[in-house]
$ cat structure_18.txt   # compact mmCIF, C-alpha atoms
# COMPACT_ATOMS: atom_id res chain seq x y z
CA MET A 25 0.00 0.00 0.00
CA ALA A 26 1.53 3.33 -1.04
CA SER A 27 0.92 6.32 1.15
CA ASN A 28 0.69 9.46 -0.96
CA LEU A 29 0.26 12.42 1.28
CA THR A 30 -1.57 15.48 0.09
CA ALA A 31 -2.40 17.46 3.16
CA GLN A 32 -0.34 19.41 5.63
CA THR A 33 -1.08 21.85 8.35
CA PRO A 34 1.15 24.07 10.40
CA ASN A 35 -1.26 23.95 13.31
CA SER A 36 -0.53 20.51 14.60
CA ASN A 37 2.53 19.66 16.66
CA LYS A 38 2.49 15.97 15.81
CA THR A 39 4.87 14.23 13.46
CA ASN A 40 3.53 11.62 11.15
CA THR A 41 5.70 8.54 11.14
CA GLN A 42 3.94 7.00 8.14
CA ASP A 43 5.44 9.53 5.74
CA SER A 44 8.48 7.78 4.34
CA THR A 45 9.23 10.64 1.95
CA LEU A 46 9.41 12.94 4.92
CA LEU A 47 11.78 10.65 6.80
CA GLU A 48 14.05 10.42 3.79
CA SER A 49 14.20 14.16 3.27
CA ASN A 50 16.93 16.47 4.53
CA LEU A 51 14.58 18.44 6.76
CA THR A 52 15.87 18.95 10.25
CA PHE A 53 12.57 20.01 11.81
CA GLU A 54 9.29 18.19 12.18
CA ILE A 55 6.50 18.96 9.75
CA PRO A 56 3.07 17.78 10.81
CA VAL A 57 1.15 15.97 8.13
CA LEU A 58 -2.50 15.11 8.21
CA LEU A 59 -3.38 12.01 6.29
CA ASN A 60 -6.21 11.35 3.94
CA PRO A 61 -7.31 7.76 4.74
CA TYR A 62 -8.33 7.13 1.13
CA MET A 63 -4.72 7.64 0.10
CA GLN A 64 -3.69 4.47 1.96
CA ASP A 65 -4.47 2.54 -1.19
CA SER A 66 -5.43 3.31 -4.78
CA THR A 67 -8.46 1.02 -4.92
CA PHE A 68 -10.99 -0.12 -2.35
CA LEU A 69 -13.83 -2.59 -2.21
CA PHE A 70 -16.39 -1.81 0.47
CA ASN A 71 -19.56 -3.34 1.76
CA CYS A 72 -22.05 -0.54 1.31
CA LYS A 73 -25.31 0.18 3.09
CA MET A 74 -27.32 3.22 2.10
CA SER A 75 -30.53 4.30 3.75
CA TYR A 76 -32.95 7.10 3.07
CA LYS A 77 -35.98 7.30 5.35
CA ASP A 78 -37.46 3.77 5.25
CA GLN A 79 -35.57 2.68 2.14
CA ASN A 80 -32.43 0.56 2.56
CA ILE A 81 -30.03 -0.63 -0.09
CA SER A 82 -27.19 -3.03 0.61
CA GLY A 83 -24.47 -3.89 -1.82
CA TYR A 84 -20.88 -3.09 -2.63
CA LEU A 85 -18.89 -0.02 -3.54
CA GLY A 86 -15.76 -0.15 -5.70
CA LEU A 87 -13.57 2.97 -5.41
CA LYS A 88 -10.52 4.11 -7.30
CA TYR A 89 -8.96 7.08 -5.57
CA THR A 90 -6.17 9.00 -7.28
CA ASP A 91 -6.09 12.08 -5.07
CA ALA A 92 -8.43 14.28 -3.08
CA THR A 93 -10.09 15.67 -6.19
CA ASN A 94 -9.89 12.71 -8.57
CA PHE A 95 -11.78 9.52 -7.82
CA ARG A 96 -14.30 7.20 -9.39
CA PHE A 97 -16.64 4.70 -7.82
CA SER A 98 -19.60 2.48 -8.55
CA VAL A 99 -22.26 1.12 -6.23
CA THR A 100 -23.62 -2.33 -7.05
CA THR A 101 -26.42 -4.47 -5.67
CA GLY A 102 -25.58 -7.58 -3.68
CA MET A 103 -25.94 -9.48 -6.95
CA GLY A 104 -23.42 -7.27 -8.70
CA ASN A 105 -25.66 -5.08 -10.84
CA THR A 106 -24.34 -1.55 -11.09
CA MET A 107 -26.71 1.02 -9.62
CA ILE A 108 -24.61 4.16 -10.07
CA GLU A 109 -21.12 4.96 -11.34
CA LEU A 110 -19.77 8.46 -10.80
CA GLU A 111 -16.42 10.20 -11.22
CA TRP A 112 -14.74 13.42 -10.15
CA LYS A 113 -11.94 14.19 -12.60
CA ASP A 114 -9.93 17.40 -12.90
CA GLY A 115 -12.74 19.45 -11.45
CA GLU A 116 -15.41 17.82 -13.57
CA PHE A 117 -18.27 15.69 -12.24
CA ILE A 118 -19.02 12.79 -14.60
CA LYS A 119 -22.08 10.55 -14.51
CA HIS A 120 -20.81 7.32 -16.06
CA TYR A 121 -23.94 5.37 -15.23
CA ILE A 122 -27.18 6.18 -13.54
CA PRO A 123 -30.55 4.67 -14.53
CA ALA A 124 -33.10 7.16 -15.87
CA ASP A 125 -35.34 6.54 -12.86
CA LEU A 126 -32.64 7.94 -10.58
CA ASP A 127 -31.30 10.56 -12.97
CA ARG A 128 -33.21 13.48 -11.48
CA LYS A 129 -31.71 16.83 -10.60
CA ILE A 130 -32.61 16.65 -6.92
CA ILE A 131 -31.27 13.09 -6.53
CA ILE A 132 -28.04 13.87 -8.39
CA LYS A 133 -27.52 17.00 -6.30
CA LYS A 134 -27.90 15.01 -3.08
CA LEU A 135 -25.71 12.14 -4.28
CA LYS A 136 -23.03 14.56 -5.45
CA ALA A 137 -23.02 16.46 -2.15
CA ASP A 138 -22.92 13.29 -0.06
CA PHE A 139 -20.22 11.51 -2.03
CA GLU A 140 -18.07 14.66 -2.16
CA PHE A 141 -18.28 14.79 1.63
CA LEU A 142 -17.81 11.02 2.03
CA PHE A 143 -14.69 10.95 -0.16
CA LEU A 144 -13.31 14.22 1.23
CA TYR A 145 -13.46 16.06 -2.09
CA GLY A 146 -11.76 19.41 -1.95
CA TYR A 147 -11.25 19.11 1.78
CA ALA A 148 -7.82 17.59 2.06
CA ASN A 149 -5.47 20.15 0.60
CA GLY A 150 -4.02 21.98 3.54
CA HIS A 151 -7.25 22.69 5.36
CA TRP A 152 -7.30 19.90 7.91
CA THR A 153 -6.88 21.20 11.39
CA ASN A 154 -7.36 19.07 14.46
CA ASN A 155 -10.13 20.08 16.86
CA ALA A 156 -10.82 23.38 15.17
CA GLU A 157 -13.56 24.48 12.84
CA ILE A 158 -12.73 25.76 9.40
CA LYS A 159 -15.20 27.74 7.33
CA LYS A 160 -15.67 26.93 3.68
CA LYS A 161 -18.49 27.95 1.32
CA ARG A 162 -21.10 28.59 4.03
CA HIS A 163 -20.14 25.37 5.82
CA GLY A 164 -18.19 24.88 9.01
CA TYR A 165 -16.12 21.71 9.26
CA LEU A 166 -15.03 20.52 12.70
CA THR A 167 -12.48 17.75 12.46
CA TYR A 168 -10.88 15.44 14.99
CA PHE A 169 -7.84 13.30 14.29
CA ASN A 170 -6.34 10.36 16.07
CA ASP A 171 -2.73 10.08 17.23
CA PHE A 172 -1.68 9.03 13.74
CA GLU A 173 -3.12 12.16 12.13
CA LEU A 174 -5.95 10.22 10.58
CA PRO A 175 -9.41 11.76 10.79
CA ILE A 176 -11.85 10.06 13.14
CA SER A 177 -14.74 12.47 12.75
CA ILE A 178 -15.74 15.46 10.67
CA THR A 179 -18.90 17.39 11.38
CA ASP A 180 -20.41 19.64 8.74
CA SER A 181 -22.48 22.54 10.04
CA GLY A 182 -24.37 25.10 8.00
CA CYS A 183 -23.95 28.87 8.29
CA SER A 184 -26.31 28.92 11.29
CA GLY A 185 -24.00 26.55 13.14
CA LYS A 186 -26.56 23.76 13.20
CA LYS A 187 -25.10 20.32 12.54
CA LYS A 188 -26.07 19.02 9.10
CA ARG A 189 -24.11 15.79 8.71
CA SER A 190 -21.10 13.97 10.05
CA LEU A 191 -18.45 11.53 8.93
CA SER A 192 -16.94 8.86 11.19
CA PHE A 193 -13.85 6.86 10.26
CA GLY A 194 -12.72 3.58 11.81
CA TYR A 195 -9.31 1.93 11.44
CA ASP A 196 -7.92 -1.53 11.98
CA GLU A 197 -4.99 -2.38 14.23
CA LYS A 198 -2.56 -1.35 11.46
CA ASN A 199 -4.31 2.01 11.10
CA GLN A 200 -5.71 1.05 7.73
CA LEU A 201 -9.12 2.39 6.85
CA ALA A 202 -11.81 -0.09 7.98
CA THR A 203 -15.13 1.77 8.15
CA VAL A 204 -16.67 5.06 7.09
CA GLU A 205 -20.11 6.34 8.03
CA LEU A 206 -21.92 9.41 6.76
CA LYS A 207 -24.92 10.44 8.81
CA HIS A 208 -27.39 13.27 8.26
CA PHE A 209 -28.86 15.12 11.22
CA ASN A 210 -31.79 16.89 9.58
CA PHE A 211 -33.29 13.80 7.93
CA ALA A 212 -32.86 10.02 8.22
CA SER A 213 -30.14 9.14 5.76
CA THR A 214 -26.87 7.27 6.14
CA ILE A 215 -24.14 5.76 4.00
CA GLN A 216 -22.07 3.05 5.71
CA LEU A 217 -18.95 1.58 4.20
CA SER A 218 -16.83 -1.25 5.58
CA ILE A 219 -13.78 -2.69 3.90
CA LEU A 220 -14.45 -6.00 2.20
CA GLU A 221 -11.99 -8.56 3.50
CA MET B 5 18.06 -14.96 -25.73
CA ASN B 6 15.63 -13.45 -23.24
CA LYS B 7 14.06 -11.43 -26.05
CA TYR B 8 13.27 -14.63 -27.94
CA ILE B 9 11.72 -16.22 -24.86
CA VAL B 10 9.55 -13.13 -24.32
CA LEU B 11 8.60 -13.11 -28.03
CA LEU B 12 7.77 -16.82 -27.96
CA ALA B 13 5.72 -16.38 -24.79
CA GLY B 14 3.88 -13.48 -26.44
CA ILE B 15 3.08 -15.55 -29.53
CA LEU B 16 1.88 -18.49 -27.44
CA LEU B 17 -0.17 -16.17 -25.25
CA SER B 18 -1.82 -14.45 -28.21
CA TRP B 19 -2.47 -17.85 -29.82
CA GLY B 20 -4.03 -19.00 -26.56
CA ILE B 21 -6.25 -15.94 -26.41
CA GLN B 22 -7.35 -16.38 -30.02
CA ALA B 23 -8.14 -20.03 -29.36
CA GLN B 24 -10.49 -18.90 -26.62
CA ASP B 25 -12.36 -16.51 -28.92
CA LEU B 26 -15.65 -17.62 -30.32
CA ALA B 27 -16.55 -16.87 -33.92
CA PRO B 28 -20.05 -16.32 -35.30
CA ALA B 29 -21.65 -19.74 -35.68
CA LYS B 30 -21.97 -21.11 -39.20
CA ASN B 31 -25.34 -22.57 -38.28
CA PRO B 32 -26.90 -20.33 -35.59
CA GLU B 33 -30.17 -22.28 -35.56
CA GLN B 34 -28.29 -25.44 -34.67
CA VAL B 35 -26.55 -23.68 -31.78
CA LYS B 36 -29.85 -22.30 -30.51
CA ASN B 37 -31.44 -25.75 -30.75
CA THR B 38 -28.58 -27.28 -28.76
CA PHE B 39 -29.34 -24.84 -25.93
CA LEU B 40 -33.09 -25.43 -26.19
CA LYS B 41 -32.55 -29.18 -26.06
CA MET B 42 -30.44 -28.73 -22.93
CA ASN B 43 -33.11 -26.51 -21.34
CA ALA B 44 -35.93 -28.93 -22.24
CA SER B 45 -34.17 -31.86 -20.63
CA MET B 46 -33.67 -29.97 -17.37
CA ASN B 47 -36.36 -30.32 -14.72
CA SER B 48 -34.15 -29.25 -11.87
CA PHE B 49 -30.71 -27.74 -11.52
CA GLU B 50 -28.55 -27.34 -8.46
CA SER B 51 -25.09 -25.86 -8.54
CA SER B 52 -22.55 -23.96 -6.53
CA PHE B 53 -21.44 -20.84 -8.34
CA ARG B 54 -18.63 -18.32 -8.43
CA GLN B 55 -19.48 -14.82 -9.54
CA THR B 56 -16.87 -12.33 -10.71
CA LYS B 57 -17.91 -8.72 -11.15
CA GLU B 58 -15.43 -6.56 -13.06
CA PHE B 59 -15.09 -2.81 -12.72
CA SER B 60 -13.99 -1.01 -15.89
CA PHE B 61 -12.04 1.60 -13.96
CA MET B 62 -10.03 -0.61 -11.61
CA ASP B 63 -8.14 -3.86 -11.70
CA ARG B 64 -9.86 -5.46 -8.72
CA SER B 65 -12.86 -7.73 -9.07
CA LEU B 66 -15.67 -8.48 -6.70
CA ILE B 67 -15.90 -12.23 -6.20
CA SER B 68 -18.98 -13.82 -4.66
CA THR B 69 -19.83 -17.48 -4.15
CA GLY B 70 -23.00 -19.32 -3.34
CA GLN B 71 -25.51 -21.97 -4.30
CA LEU B 72 -28.26 -21.99 -6.91
CA TYR B 73 -31.38 -24.16 -7.00
CA TYR B 74 -33.88 -24.28 -9.86
CA GLN B 75 -37.06 -26.28 -10.26
CA LYS B 76 -39.05 -26.18 -13.45
CA THR B 77 -40.68 -23.94 -14.40
CA GLU B 78 -40.28 -20.80 -12.32
CA LYS B 79 -38.79 -21.68 -8.95
CA LEU B 80 -35.36 -20.32 -8.20
CA ARG B 81 -33.27 -19.90 -5.08
CA TRP B 82 -30.19 -17.79 -5.68
CA GLU B 83 -28.18 -17.90 -2.48
CA TYR B 84 -25.03 -15.87 -1.92
CA LYS B 85 -22.85 -17.14 0.91
CA GLU B 86 -19.66 -15.08 0.54
CA PRO B 87 -18.72 -12.30 1.07
CA ASN B 88 -22.24 -11.43 2.21
CA GLN B 89 -25.31 -13.56 2.67
CA TYR B 90 -28.22 -12.80 0.38
CA ILE B 91 -31.01 -15.07 -0.70
CA LEU B 92 -33.18 -14.27 -3.67
CA LEU B 93 -36.28 -16.46 -3.82
CA MET B 94 -38.28 -16.45 -7.03
CA ASN B 95 -41.50 -18.34 -7.30
CA GLY B 96 -43.69 -17.41 -10.23
CA GLU B 97 -44.20 -13.66 -10.20
CA LYS B 98 -43.01 -13.29 -6.63
CA VAL B 99 -39.45 -12.14 -5.91
CA ARG B 100 -38.27 -12.01 -2.29
CA LEU B 101 -34.92 -10.82 -0.97
CA ILE B 102 -33.54 -12.04 2.31
CA GLU B 103 -30.57 -10.31 3.84
CA ASP B 104 -29.01 -11.13 7.22
CA GLY B 105 -31.87 -13.56 7.82
CA LYS B 106 -34.55 -10.91 7.35
CA GLU B 107 -36.86 -10.32 4.43
CA LYS B 108 -36.31 -6.89 2.97
CA ALA B 109 -38.59 -4.36 1.41
CA TYR B 110 -36.98 -2.61 -1.52
CA SER B 111 -37.48 0.48 -3.60
CA VAL B 112 -39.20 0.66 -6.98
CA GLY B 113 -35.85 1.02 -8.74
CA VAL B 114 -34.47 -2.10 -7.08
CA GLN B 115 -37.73 -3.97 -7.79
CA GLN B 116 -37.17 -3.27 -11.47
CA ILE B 117 -33.64 -4.68 -11.24
CA PHE B 118 -34.94 -7.84 -9.51
CA LYS B 119 -37.70 -8.23 -12.09
CA ASN B 120 -35.07 -8.11 -14.81
CA ILE B 121 -32.84 -10.53 -12.92
CA LYS B 122 -35.72 -12.97 -12.55
CA GLU B 123 -36.61 -12.79 -16.22
CA VAL B 124 -33.00 -13.26 -17.24
CA PHE B 125 -31.90 -15.99 -14.82
CA ILE B 126 -34.99 -18.14 -15.05
CA GLY B 127 -35.17 -17.49 -18.79
CA CYS B 128 -31.58 -18.66 -19.24
CA ILE B 129 -32.20 -21.85 -17.29
CA ASN B 130 -35.60 -22.79 -18.73
CA GLY B 131 -34.74 -21.52 -22.20
CA GLU B 132 -37.68 -19.13 -22.51
CA ILE B 133 -35.38 -16.22 -23.12
CA LEU B 134 -34.07 -17.88 -26.29
CA ASN B 135 -37.52 -17.73 -27.84
CA SER B 136 -38.36 -14.29 -26.51
CA ALA B 137 -39.12 -11.65 -29.11
CA ASP B 138 -37.73 -9.06 -26.68
CA TYR B 139 -34.12 -9.97 -27.47
CA ASP B 140 -31.90 -10.05 -30.53
CA MET B 141 -29.90 -13.26 -30.57
CA GLN B 142 -26.40 -13.96 -31.87
CA CYS B 143 -24.73 -17.39 -31.80
CA PHE B 144 -21.00 -18.09 -31.56
CA GLU B 145 -18.81 -21.15 -31.32
CA ASN B 146 -15.29 -22.46 -31.33
CA GLU B 147 -13.84 -25.95 -31.04
CA THR B 148 -14.95 -26.41 -27.45
CA MET B 149 -17.66 -23.88 -26.61
CA LEU B 150 -21.05 -22.64 -27.76
CA GLN B 151 -22.35 -19.18 -26.94
CA VAL B 152 -25.74 -17.54 -27.26
CA LYS B 153 -25.68 -13.76 -26.84
CA LEU B 154 -28.94 -11.94 -26.18
CA ILE B 155 -29.33 -8.19 -26.55
CA PRO B 156 -32.53 -6.54 -25.26
CA LYS B 157 -34.49 -4.66 -27.89
CA ASP B 158 -36.22 -2.46 -25.36
CA GLU B 159 -34.20 0.67 -24.60
CA LYS B 160 -35.59 0.77 -21.06
CA LEU B 161 -34.37 -2.77 -20.37
CA LYS B 162 -31.01 -1.92 -21.95
CA GLU B 163 -30.54 0.62 -19.18
CA TYR B 164 -30.20 -2.32 -16.80
CA ILE B 165 -28.88 -5.12 -19.01
CA GLN B 166 -26.82 -4.50 -22.13
CA SER B 167 -26.36 -8.17 -22.99
CA ILE B 168 -26.57 -11.71 -21.65
CA SER B 169 -24.28 -14.46 -22.89
CA ILE B 170 -24.85 -18.11 -22.09
CA PHE B 171 -21.93 -20.49 -22.59
CA MET B 172 -22.05 -24.25 -22.91
CA GLU B 173 -19.16 -26.65 -23.30
CA LYS B 174 -19.65 -28.80 -26.38
CA GLY B 175 -20.74 -32.31 -25.52
CA LYS B 176 -21.89 -31.33 -22.03
CA ASN B 177 -25.60 -30.86 -21.73
CA GLN B 178 -25.46 -28.00 -19.22
CA MET B 179 -24.60 -24.33 -18.88
CA SER B 180 -20.95 -23.66 -18.12
CA TYR B 181 -21.24 -19.97 -17.30
CA LEU B 182 -23.16 -16.77 -17.94
CA VAL B 183 -21.76 -13.33 -18.66
CA LEU B 184 -24.08 -10.42 -17.95
CA LYS B 185 -23.25 -6.89 -18.99
CA ASP B 186 -25.26 -4.53 -16.85
CA GLY B 187 -26.32 -1.00 -17.75
CA SER B 188 -22.86 0.38 -16.99
CA GLY B 189 -21.27 -2.08 -19.43
CA ASP B 190 -19.32 -3.86 -16.67
CA PRO B 191 -19.38 -7.65 -17.08
CA THR B 192 -20.35 -10.14 -14.39
CA LYS B 193 -19.36 -13.74 -15.00
CA ILE B 194 -21.26 -16.49 -13.18
CA GLU B 195 -19.56 -19.88 -13.36
CA PHE B 196 -21.50 -22.98 -12.41
CA LEU B 197 -19.43 -25.49 -10.46
CA GLU B 198 -20.36 -28.97 -9.27
CA SER B 199 -23.76 -28.98 -10.94
CA LYS B 200 -26.47 -31.58 -10.37
CA ILE B 201 -29.19 -31.96 -12.94
CA ASN B 202 -32.63 -33.52 -12.43
CA GLN B 203 -32.02 -34.51 -8.84
CA ALA B 204 -34.72 -34.06 -6.22
CA ILE B 205 -34.70 -30.69 -4.42
CA ALA B 206 -36.73 -30.29 -1.21
CA SER B 207 -39.69 -27.99 -1.85
CA ASP B 208 -38.98 -25.78 1.17
CA VAL B 209 -35.73 -24.68 -0.48
CA PHE B 210 -37.90 -22.33 -2.55
CA THR B 211 -39.99 -21.02 0.33
CA SER B 212 -37.81 -20.97 3.45
CA PHE B 213 -34.97 -18.65 4.32
$ encode --input "structure_18.txt" --output "structure tokens"
Amino acid sequence: MASNLTAQTPNSNKTNTQDSTLLESNLTFEIPVLLNPYMQDSTFLFNCKMSYKDQNISGYLGLKYTDATNFRFSVTTGMGNTMIELEWKDGEFIKHYIPADLDRKIIIKKLKADFEFLFLYGYANGHWTNNAEIKKKRHGYLTYFNDFELPISITDSGCSGKKKRSLSFGYDEKNQLATVELKHFNFASTIQLSILE
Amino acid sequence: MNKYIVLLAGILLSWGIQAQDLAPAKNPEQVKNTFLKMNASMNSFESSFRQTKEFSFMDRSLISTGQLYYQKTEKLRWEYKEPNQYILLMNGEKVRLIEDGKEKAYSVGVQQIFKNIKEVFIGCINGEILNSADYDMQCFENETMLQVKLIPKDEKLKEYIQSISIFMEKGKNQMSYLVLKDGSGDPTKIEFLESKINQAIASDVFTSF
């Protein structure tokens, strides 16, 4: 598993020991580095559970993650049929596959917002600060990291300060990404991912 | 010397790949009839299966295994055991999904997918799909294999299934594997392993979880 680091912050006093490029450099002082858990590998297979009100869908999610702004994934049923396949590439949002029944503006808008949050789109480049809220486009993001500079929770609040949704990350004993959960506070909707063994 | 070994390996590999390819059948009707004869002789079918779902954008596949039971004419139990447990019970028009031991309600969109799955899977096993006017059929063969490829005519159905290919080893009167291309174009291969044909299957297999 290659660890390609994309995010740094001057606000943390911790040193990340997973950054081999840092250890090999000639720097004589410690630079804190906050890690994006999706950069632990280039591809992931997850168990995926999505719920919206009383509707539940279980299946799988295949993800190819190049960097914080370039990734592609598809969600399949338990039987392997693709339900949606979306990509973020060089600033462009691409719908590779979505059935006509689901291809509605309001659904796409919600899916896009949720998956951008879930996969940390546009959030990783230098803006991760432990236990402090950062403001971005009328949102406030409060993030907590563990001792290995990996995020354990991110809460997204609107401009009024009211919590809108949160992300929780779980890791295995080797600090590899194991689970991710996105939860909405203003309506019953969740996306749960767990690494497929 | 190494260059020659690599070249030789390349030639052998490409020859191997070509040998696997199936060409359009010289007598498509005969190929279709071979499949229909196989379907007609099958009253029940039980098999373990291995399913490989490919993703076009990454080099990892999703592999599932399980057990399939079929009883003529419309009873099917499609049971996934790994990596997750799902049971799809089909009995006539009814399609039920059991997940984690509980029967699940599902959305209209998913219902449509299951309806298509039912039509395709049962149709492939009982042969009805080969005579369906809803699909264009192409037949292929090589020295060892026969293939029937079905392409939905209905644009709505094509959104969910681009094509279905049924493969049969020549001289063996049973399906070897299916390849389904879903709406995204990604292929899913379902290989049937350790199959039993026309052996008694307990009736509760199609009703109980």
$ interface_residues --input "structure_18.txt" --of "chain A" --to "chain B" --cutoff "7 Å" --atoms "only C-alpha atoms" --output "ChimeraX atom specification"
/A:79-80,88,104-106,121,123,125
$ atom_distance --input "structure_18.txt" --atom1 "CA of Ile158 in chain A" --atom2 "CA of Glu111 in chain A"
26.1 Å
$ atom_distance --input "structure_18.txt" --atom1 "CA of Leu201 in chain A" --atom2 "CA of Thr67 in chain A"
11.9 Å
$ residues_around --input "structure_18.txt" --residues "Phe95 in chain A" --least-positions-apart "6" --cutoff "12 Å" --atoms "all atoms listed in the file" --output "ChimeraX atom specification"
/A:62-63,66-68,86-89,109-118,139-140,142-146 /B:61-62
$ axis_aligned_box --input "structure_18.txt" --around "range 66-76 of chain B" --padding-each-side "8 Å" --output "AutoDock Vina command-line options"
--center_x -27.4 --center_y -17.4 --center_z -8.4 --size_x 39.4 --size_y 33.8 --size_z 26.1
$ atom_distance --input "structure_18.txt" --atom1 "CA of Glu123 in chain B" --atom2 "CA of Lys41 in chain B"
19.5 Å
$ closest_residue --input "structure_18.txt" --among "B:Val35, B:Ala206, B:Leu101, B:Met94" --to "Ser48 in chain B" --atoms "only C-alpha atoms"
B:Ala206
$ residues_around --input "structure_18.txt" --residues "Leu85 in chain A" --least-positions-apart "3" --cutoff "6 Å" --atoms "only C-alpha atoms" --output "JSON, numbers by chain"
{"A": [69, 70, 72, 98, 99]}
$ closest_residue --input "structure_18.txt" --among "A:Ser192, A:Thr214, A:Asn199, A:Thr93" --to "Asp171 in chain A" --atoms "all atoms listed in the file"
A:Asn199
$ closest_residue --input "structure_18.txt" --among "B:Ala204, B:Ile168, B:Met141, B:Val209" --to "Asn47 in chain B" --atoms "all atoms listed in the file"
B:Ala204
$ residues_around --input "structure_18.txt" --residues "Leu154 in chain B" --least-positions-apart "2" --cutoff "9 Å" --atoms "all atoms listed in the file" --output "list of chain:residue names"
B:Ile133, B:Leu134, B:Tyr139, B:Asp140, B:Met141, B:Gln142, B:Cys143, B:Val152, B:Pro156, B:Gln166, B:Ser167, B:Ile168, B:Ser169, B:Ile170
$ closest_residue --input "structure_18.txt" --among "B:Leu93, B:Ala137, B:Val99, B:Met172" --to "Ile155 in chain B" --atoms "all atoms listed in the file"
B:Ala137
$ closest_atom_pairs --input "structure_18.txt" --of "range 111-175 of chain A" --to "range 179-188 of chain A" --cutoff "7 Å" --atoms "only C-alpha atoms" --output "JSON lines"
{"residue": "A:Arg162", "atom": "CA", "partner": "A:Cys183", "partner_atom": "CA", "distance": 5.1}
{"residue": "A:His163", "atom": "CA", "partner": "A:Gly182", "partner_atom": "CA", "distance": 4.8}
{"residue": "A:Gly164", "atom": "CA", "partner": "A:Ser181", "partner_atom": "CA", "distance": 5.0}
{"residue": "A:Tyr165", "atom": "CA", "partner": "A:Asp180", "partner_atom": "CA", "distance": 4.8}
{"residue": "A:Leu166", "atom": "CA", "partner": "A:Thr179", "partner_atom": "CA", "distance": 5.1}
{"residue": "A:Thr167", "atom": "CA", "partner": "A:Thr179", "partner_atom": "CA", "distance": 6.5}
$ write_last_selection --input "structure_18.txt" --atoms "C-alpha atoms" --output "PDB file, in the coordinates of the input"
ATOM      1  CA  ARG A 162     -21.100  28.590   4.030  1.00  0.00           C
ATOM      2  CA  HIS A 163     -20.140  25.370   5.820  1.00  0.00           C
ATOM      3  CA  GLY A 164     -18.190  24.880   9.010  1.00  0.00           C
ATOM      4  CA  TYR A 165     -16.120  21.710   9.260  1.00  0.00           C
ATOM      5  CA  LEU A 166     -15.030  20.520  12.700  1.00  0.00           C
ATOM      6  CA  THR A 167     -12.480  17.750  12.460  1.00  0.00           C
TER       7      THR A 167
END
$ closest_residue --input "structure_18.txt" --among "A:Asn60, A:Leu126, A:Lys207, A:Phe141" --to "Glu173 in chain A" --atoms "all atoms listed in the file"
A:Asn60
